[in-house]
file work_31.cif (mmCIF, C-alpha atoms)
data_target
loop_
_atom_site.label_atom_id
_atom_site.label_comp_id
_atom_site.auth_asym_id
_atom_site.auth_seq_id
_atom_site.Cartn_x
_atom_site.Cartn_y
_atom_site.Cartn_z
CA MET A 1 29.69 10.00 -0.65
CA ASP A 2 29.13 13.65 -1.49
CA SER A 3 30.45 16.74 0.23
CA THR A 4 27.43 17.09 2.49
CA ASP A 5 27.54 13.50 3.71
CA ALA A 6 30.90 12.47 5.14
CA ALA A 7 32.10 9.95 7.70
CA SER A 8 35.23 10.56 9.73
CA GLY A 9 36.85 7.32 10.77
CA SER A 10 39.31 8.99 13.13
CA SER A 11 36.74 10.93 15.13
CA GLY A 12 34.01 8.29 15.13
CA THR A 13 31.37 10.79 14.05
CA VAL A 14 29.11 11.24 11.09
CA THR A 15 29.02 14.78 9.78
CA ASP A 16 26.57 16.55 7.55
CA SER A 17 26.53 20.23 6.69
CA SER A 18 22.92 20.55 7.81
CA ALA A 19 23.17 18.69 11.12
CA GLU A 20 25.33 18.38 14.19
CA SER A 21 27.86 15.56 14.42
CA VAL A 22 26.38 12.36 15.80
CA PRO A 23 28.63 9.84 17.60
CA VAL A 24 28.47 6.61 15.66
CA ASP A 25 28.78 4.41 18.74
CA ALA A 26 25.98 6.26 20.49
CA ALA A 27 23.76 5.96 17.43
CA ILE A 28 24.41 2.23 17.22
CA ALA A 29 23.75 1.85 20.92
CA ALA A 30 20.40 3.58 20.50
CA GLU A 31 19.62 1.27 17.61
CA SER A 32 20.59 -1.72 19.75
CA ASP A 33 18.27 -0.63 22.53
CA GLU A 34 15.45 -0.34 20.06
CA ASN A 35 16.19 -3.70 18.49
CA GLY A 36 16.65 -5.68 21.67
CA ASP A 37 19.65 -7.65 22.93
CA ALA A 38 21.97 -9.12 20.36
CA GLY A 39 21.99 -12.88 20.23
CA ASN A 40 18.41 -13.42 21.33
CA GLY A 41 17.13 -13.94 17.78
CA ARG A 42 15.39 -10.57 17.61
CA ARG A 43 18.33 -8.40 16.65
CA VAL A 44 18.69 -9.80 13.15
CA ARG A 45 15.00 -9.53 12.37
CA LYS A 46 14.67 -6.00 13.67
CA GLY A 47 17.97 -5.04 12.07
CA GLU A 48 16.59 -6.14 8.74
CA ARG A 49 13.47 -4.08 9.33
CA SER A 50 15.59 -1.05 10.15
CA ARG A 51 17.60 -1.58 7.00
CA MET A 52 14.43 -1.79 4.93
CA ARG A 53 13.11 1.36 6.62
CA ILE A 54 16.23 3.18 5.47
CA LEU A 55 15.84 1.89 1.92
CA ASP A 56 12.12 2.77 1.83
CA ALA A 57 12.88 6.31 2.99
CA ALA A 58 15.74 6.67 0.52
CA ALA A 59 13.61 5.38 -2.35
CA ARG A 60 10.85 7.90 -1.62
CA LEU A 61 13.31 10.79 -1.50
CA LEU A 62 15.39 9.72 -4.48
CA SER A 63 12.31 9.18 -6.63
CA CYS A 64 11.13 12.74 -5.89
CA ARG A 65 14.36 14.72 -5.50
CA GLY A 66 17.02 12.84 -7.38
CA TYR A 67 20.52 11.83 -6.33
CA ALA A 68 22.22 15.17 -5.76
CA ALA A 69 19.42 16.73 -3.73
CA THR A 70 19.11 13.79 -1.32
CA THR A 71 21.50 13.75 1.65
CA LEU A 72 22.12 11.21 4.37
CA THR A 73 20.54 13.60 6.85
CA ASP A 74 17.41 13.70 4.68
CA ILE A 75 17.28 9.91 4.54
CA ALA A 76 17.78 9.55 8.29
CA GLY A 77 15.01 12.05 8.98
CA ALA A 78 12.59 10.32 6.61
CA ALA A 79 13.43 6.97 8.23
CA GLU A 80 12.98 8.49 11.70
CA MET A 81 16.45 7.41 12.73
CA GLN A 82 19.60 9.10 13.94
CA ALA A 83 22.01 9.93 11.15
CA GLY A 84 24.75 7.79 12.70
CA SER A 85 22.50 4.75 12.70
CA LEU A 86 22.64 4.63 8.92
CA TYR A 87 26.31 3.66 9.12
CA TYR A 88 25.41 0.59 11.12
CA HIS A 89 23.60 -0.70 8.01
CA PHE A 90 25.39 0.99 5.08
CA ASP A 91 28.89 2.31 4.51
CA SER A 92 27.86 5.45 2.65
CA LYS A 93 25.15 7.34 0.83
CA ASP A 94 26.25 5.70 -2.41
CA ALA A 95 25.84 2.25 -0.86
CA ILE A 96 22.24 3.13 0.01
CA VAL A 97 21.60 4.54 -3.46
CA GLU A 98 23.04 1.49 -5.17
CA GLU A 99 20.86 -0.85 -3.14
CA VAL A 100 17.75 1.24 -3.83
CA LEU A 101 18.46 1.17 -7.55
CA ARG A 102 19.13 -2.57 -7.44
CA VAL A 103 15.85 -3.21 -5.63
CA GLY A 104 14.11 -1.06 -8.24
CA ILE A 105 15.28 -3.43 -10.95
CA ASP A 106 14.15 -6.41 -8.86
CA HIS A 107 10.68 -4.89 -8.37
CA ALA A 108 10.26 -4.42 -12.11
CA ARG A 109 11.44 -7.95 -12.82
CA ASP A 110 9.12 -9.39 -10.17
CA ALA A 111 6.11 -7.50 -11.55
CA ILE A 112 6.82 -8.72 -15.07
CA ASP A 113 7.46 -12.30 -13.95
CA ALA A 114 4.15 -12.34 -12.05
CA ALA A 115 2.26 -11.01 -15.08
CA LEU A 116 3.80 -13.59 -17.40
CA GLU A 117 3.14 -16.42 -14.97
CA ALA A 118 -0.53 -15.40 -14.72
CA LEU A 119 -0.76 -15.34 -18.51
CA GLY A 120 0.44 -18.92 -18.79
CA PRO A 121 3.11 -20.65 -20.89
CA ASP A 122 0.98 -21.07 -24.02
CA ALA A 123 0.43 -17.36 -24.67
CA SER A 124 1.76 -15.86 -27.87
CA GLY A 125 4.80 -13.65 -27.92
CA SER A 126 2.65 -10.61 -28.69
CA ASP A 127 0.37 -11.26 -25.70
CA ARG A 128 3.39 -11.76 -23.44
CA LEU A 129 4.89 -8.49 -24.63
CA ALA A 130 1.59 -6.67 -24.05
CA GLU A 131 1.30 -7.95 -20.47
CA THR A 132 4.93 -7.04 -19.82
CA ILE A 133 4.25 -3.47 -20.91
CA VAL A 134 1.19 -3.23 -18.65
CA ALA A 135 3.06 -4.69 -15.69
CA TYR A 136 5.98 -2.33 -16.12
CA VAL A 137 3.73 0.72 -16.44
CA ASN A 138 1.99 -0.20 -13.21
CA CYS A 139 5.32 -0.78 -11.49
CA ILE A 140 6.61 2.64 -12.52
CA VAL A 141 3.50 4.66 -11.79
CA ALA A 142 1.78 2.91 -8.92
CA ALA A 143 3.79 0.15 -7.33
CA SER A 144 7.41 1.00 -6.68
CA SER A 145 9.23 4.19 -5.67
CA PHE A 146 12.36 2.03 -5.95
CA THR A 147 11.84 1.57 -9.68
CA VAL A 148 11.17 5.29 -10.14
CA ALA A 149 14.32 6.06 -8.14
CA ASN A 150 16.26 3.81 -10.50
CA ILE A 151 14.87 5.58 -13.54
CA ARG A 152 15.52 9.04 -12.12
CA CYS A 153 18.88 8.53 -10.42
CA TYR A 154 20.81 6.04 -12.51
CA ASN A 155 22.40 8.64 -14.79
CA GLU A 156 23.05 10.95 -11.81
CA SER A 157 24.74 8.28 -9.73
CA PRO A 158 28.53 7.87 -9.56
CA PRO A 159 30.32 5.80 -12.22
CA HIS A 160 31.07 2.94 -9.81
CA THR A 161 27.37 2.64 -8.98
CA ARG A 162 26.41 2.46 -12.64
CA GLU A 163 29.16 -0.07 -13.25
CA ASN A 164 27.91 -2.28 -10.41
CA LEU A 165 24.42 -2.26 -11.91
CA THR A 166 25.54 -3.13 -15.43
CA VAL A 167 24.69 -6.83 -15.21
CA PRO A 168 21.15 -6.58 -13.74
CA LEU A 169 20.27 -3.77 -16.17
CA ARG A 170 21.58 -5.77 -19.11
CA GLU A 171 19.53 -8.76 -17.95
CA PHE A 172 16.44 -6.54 -17.71
CA ALA A 173 16.94 -5.27 -21.25
CA ASN A 174 17.55 -8.81 -22.48
CA LEU A 175 14.22 -9.87 -20.98
CA TRP A 176 12.48 -7.47 -23.36
CA VAL A 177 14.66 -8.53 -26.28
CA GLY A 178 13.72 -12.13 -25.58
CA LEU A 179 10.00 -11.36 -25.51
CA ILE A 180 10.18 -9.56 -28.84
CA SER A 181 12.23 -12.38 -30.34
CA GLU A 182 9.67 -14.92 -29.11
CA GLY A 183 6.91 -13.02 -30.87
CA GLN A 184 8.95 -12.83 -34.05
CA ALA A 185 9.64 -16.54 -33.89
CA ASP A 186 5.99 -17.56 -33.42
CA GLY A 187 4.75 -15.12 -36.06
CA SER A 188 2.73 -12.90 -33.73
CA LEU A 189 5.16 -9.96 -34.19
CA ARG A 190 6.70 -8.69 -37.41
CA ALA A 191 10.15 -10.06 -38.00
CA ASP A 192 11.69 -7.15 -39.92
CA THR A 193 12.62 -5.14 -36.79
CA ASN A 194 15.76 -5.23 -34.68
CA ALA A 195 14.68 -6.70 -31.32
CA LYS A 196 17.55 -5.10 -29.40
CA VAL A 197 16.89 -1.61 -30.75
CA LEU A 198 13.14 -1.94 -30.27
CA ALA A 199 13.52 -3.17 -26.70
CA ARG A 200 15.63 -0.17 -25.73
CA LEU A 201 13.25 2.25 -27.41
CA MET A 202 10.32 0.73 -25.54
CA ILE A 203 12.06 0.79 -22.17
CA SER A 204 13.11 4.40 -22.71
CA GLY A 205 9.59 5.44 -23.67
CA LEU A 206 8.06 3.68 -20.68
CA ASN A 207 10.63 5.13 -18.31
CA SER A 208 9.56 8.63 -19.31
CA LEU A 209 6.25 8.01 -17.51
CA ALA A 210 8.07 8.59 -14.24
CA SER A 211 8.56 12.25 -15.16
CA TRP A 212 5.23 13.22 -16.70
CA TYR A 213 2.36 10.94 -15.71
CA ARG A 214 0.14 12.18 -12.88
CA PRO A 215 -2.51 9.88 -11.36
CA SER A 216 -4.76 12.91 -10.87
CA GLY A 217 -4.85 13.58 -14.62
CA GLU A 218 -7.59 12.68 -17.05
CA LEU A 219 -5.99 9.42 -18.21
CA ARG A 220 -6.46 6.39 -15.98
CA LEU A 221 -3.41 4.23 -15.37
CA ASP A 222 -4.95 1.05 -16.76
CA ASP A 223 -6.08 2.88 -19.89
CA LEU A 224 -2.63 4.38 -20.36
CA ALA A 225 -0.93 1.02 -20.03
CA ARG A 226 -3.28 -0.67 -22.48
CA GLN A 227 -3.02 2.18 -24.98
CA PHE A 228 0.75 1.96 -24.96
CA ALA A 229 0.61 -1.80 -25.40
CA ASP A 230 -1.94 -1.48 -28.23
CA MET A 231 0.17 1.11 -30.07
CA VAL A 232 3.27 -1.06 -29.85
CA LEU A 233 1.49 -4.21 -30.98
CA THR A 234 -0.31 -2.40 -33.81
CA GLY A 235 3.05 -1.24 -35.13
CA LEU A 236 4.48 -4.73 -34.80
CA GLN A 237 1.68 -6.64 -36.49
CA PRO A 238 2.95 -9.01 -39.16
CA ALA A 239 2.33 -7.86 -42.73
#

call {"tool": "encode", "arguments": {"input": "work_31.cif", "output": "structure tokens"}}
result
Amino acid sequence: MDSTDAASGSSGTVTDSSAESVPVDAAIAAESDENGDAGNGRRVRKGERSRMRILDAAARLLSCRGYAATTLTDIAGAAEMQAGSLYYHFDSKDAIVEEVLRVGIDHARDAIDAALEALGPDASGSDRLAETIVAYVNCIVAASSFTVANIRCYNESPPHTRENLTVPLREFANLWVGLISEGQADGSLRADTNAKVLARLMISGLNSLASWYRPSGELRLDDLARQFADMVLTGLQPA
């Protein structure tokens, strides 16, 4: 939690340098009124929707502004909620950020998994790598502010957040390593490259799209994705 977003356990208020203190209990009560009575089966469902509303708002802000420039007050305003209500769902700003970044990884994995499933199990390693590139480009540019937030905010986030995301990020990188290794094993990709190094170079290059690609530019998204995939595969063609 940064200096502009602090919770005081003794006073029962949430404070932010740009907003008045909001009583936590009052904020939760307002949330309860909106959600309906607890125990009637509606509270959990609406609570989950409120939680997702917070994450959606946070992802939009984090993807545009970055970690440091996004405060809890900003997130509450974008979610159209009282600032104190955020503490009913999350312990801190960093808890929100960590969940946004984690969902961003999930979105990328889901997009890639769907693309590979549509391609079928008999596709070559090179074709699977190409479809993975296209799916990831679309996820970054068009599909998920969560994934963009992950790309933009990971290095800005606190050490404990990065540590907590070590395993899912390693698994994501290993997915790409595995695809390259599959292509090397079936002969559709050249075998004289280091799959681990290549995977990280590719991910890094694709992640840069979040900072420079503009949908209003002259290059269409589908064309961009296919061009990137073609360049990679051309360089990896077996001798």

call {"tool": "atom_distance", "arguments": {"input": "work_31.cif", "atom1": "atom CA of A:Ala114", "atom2": "atom CA of A:Asp230"}}
result
20.4 Å

call {"tool": "closest_residue", "arguments": {"input": "work_31.cif", "among": "A:Leu224, A:Val167, A:Ala239, A:Val100", "to": "A:Val134", "atoms": "only C-alpha atoms"}}
result
A:Leu224

call {"tool": "atom_distance", "arguments": {"input": "work_31.cif", "atom1": "atom CA of A:Glu117", "atom2": "atom CA of A:Ser211"}}
result
29.2 Å

call {"tool": "residues_around", "arguments": {"input": "work_31.cif", "residues": "A:Ala142", "least_positions_apart": "3", "cutoff": "12 Å", "atoms": "all atoms listed in the file", "output": "JSON, numbers by chain"}}
result
{"A": [107, 108, 111, 134, 135, 136, 137, 138, 139, 145, 146, 147, 148, 209, 210, 213, 214, 215, 220, 221, 222, 225]}

call {"tool": "closest_residue", "arguments": {"input": "work_31.cif", "among": "A:Ala143, A:Ile112, A:Ile133, A:Ile180", "to": "A:Met231", "atoms": "all atoms listed in the file"}}
result
A:Ile133

call {"tool": "residues_around", "arguments": {"input": "work_31.cif", "residues": "A:Ala149", "least_positions_apart": "2", "cutoff": "8 Å", "atoms": "all atoms listed in the file", "output": "PyMOL selection string"}}
result
chain A and resi 59-60+62-64+66+100-101+104+145-147+151-154

call {"tool": "write_last_selection", "arguments": {"input": "work_31.cif", "atoms": "C-alpha atoms", "output": "PDB file, in the coordinates of the input"}}
result
ATOM      1  CA  ALA A  59      13.610   5.380  -2.350  1.00  0.00           C
ATOM      2  CA  ARG A  60      10.850   7.900  -1.620  1.00  0.00           C
ATOM      3  CA  LEU A  62      15.390   9.720  -4.480  1.00  0.00           C
ATOM      4  CA  SER A  63      12.310   9.180  -6.630  1.00  0.00           C
ATOM      5  CA  CYS A  64      11.130  12.740  -5.890  1.00  0.00           C
ATOM      6  CA  GLY A  66      17.020  12.840  -7.380  1.00  0.00           C
ATOM      7  CA  VAL A 100      17.750   1.240  -3.830  1.00  0.00           C
ATOM      8  CA  LEU A 101      18.460   1.170  -7.550  1.00  0.00           C
ATOM      9  CA  GLY A 104      14.110  -1.060  -8.240  1.00  0.00           C
ATOM     10  CA  SER A 145       9.230   4.190  -5.670  1.00  0.00           C
ATOM     11  CA  PHE A 146      12.360   2.030  -5.950  1.00  0.00           C
ATOM     12  CA  THR A 147      11.840   1.570  -9.680  1.00  0.00           C
ATOM     13  CA  ILE A 151      14.870   5.580 -13.540  1.00  0.00           C
ATOM     14  CA  ARG A 152      15.520   9.040 -12.120  1.00  0.00           C
ATOM     15  CA  CYS A 153      18.880   8.530 -10.420  1.00  0.00           C
ATOM     16  CA  TYR A 154      20.810   6.040 -12.510  1.00  0.00           C
TER      17      TYR A 154
END

call {"tool": "residues_near_point", "arguments": {"input": "work_31.cif", "point": "(1.8, -14.4, -28.4)", "cutoff": "12 Å", "atoms": "only C-alpha atoms", "output": "VMD selection string"}}
result
chain A and resid 116 119 to 132 179 to 190 233 236 to 237

call {"tool": "closest_residue", "arguments": {"input": "work_31.cif", "among": "A:Ala118, A:Val103, A:Leu198, A:His89", "to": "A:Glu48", "atoms": "all atoms listed in the file"}}
result
A:His89
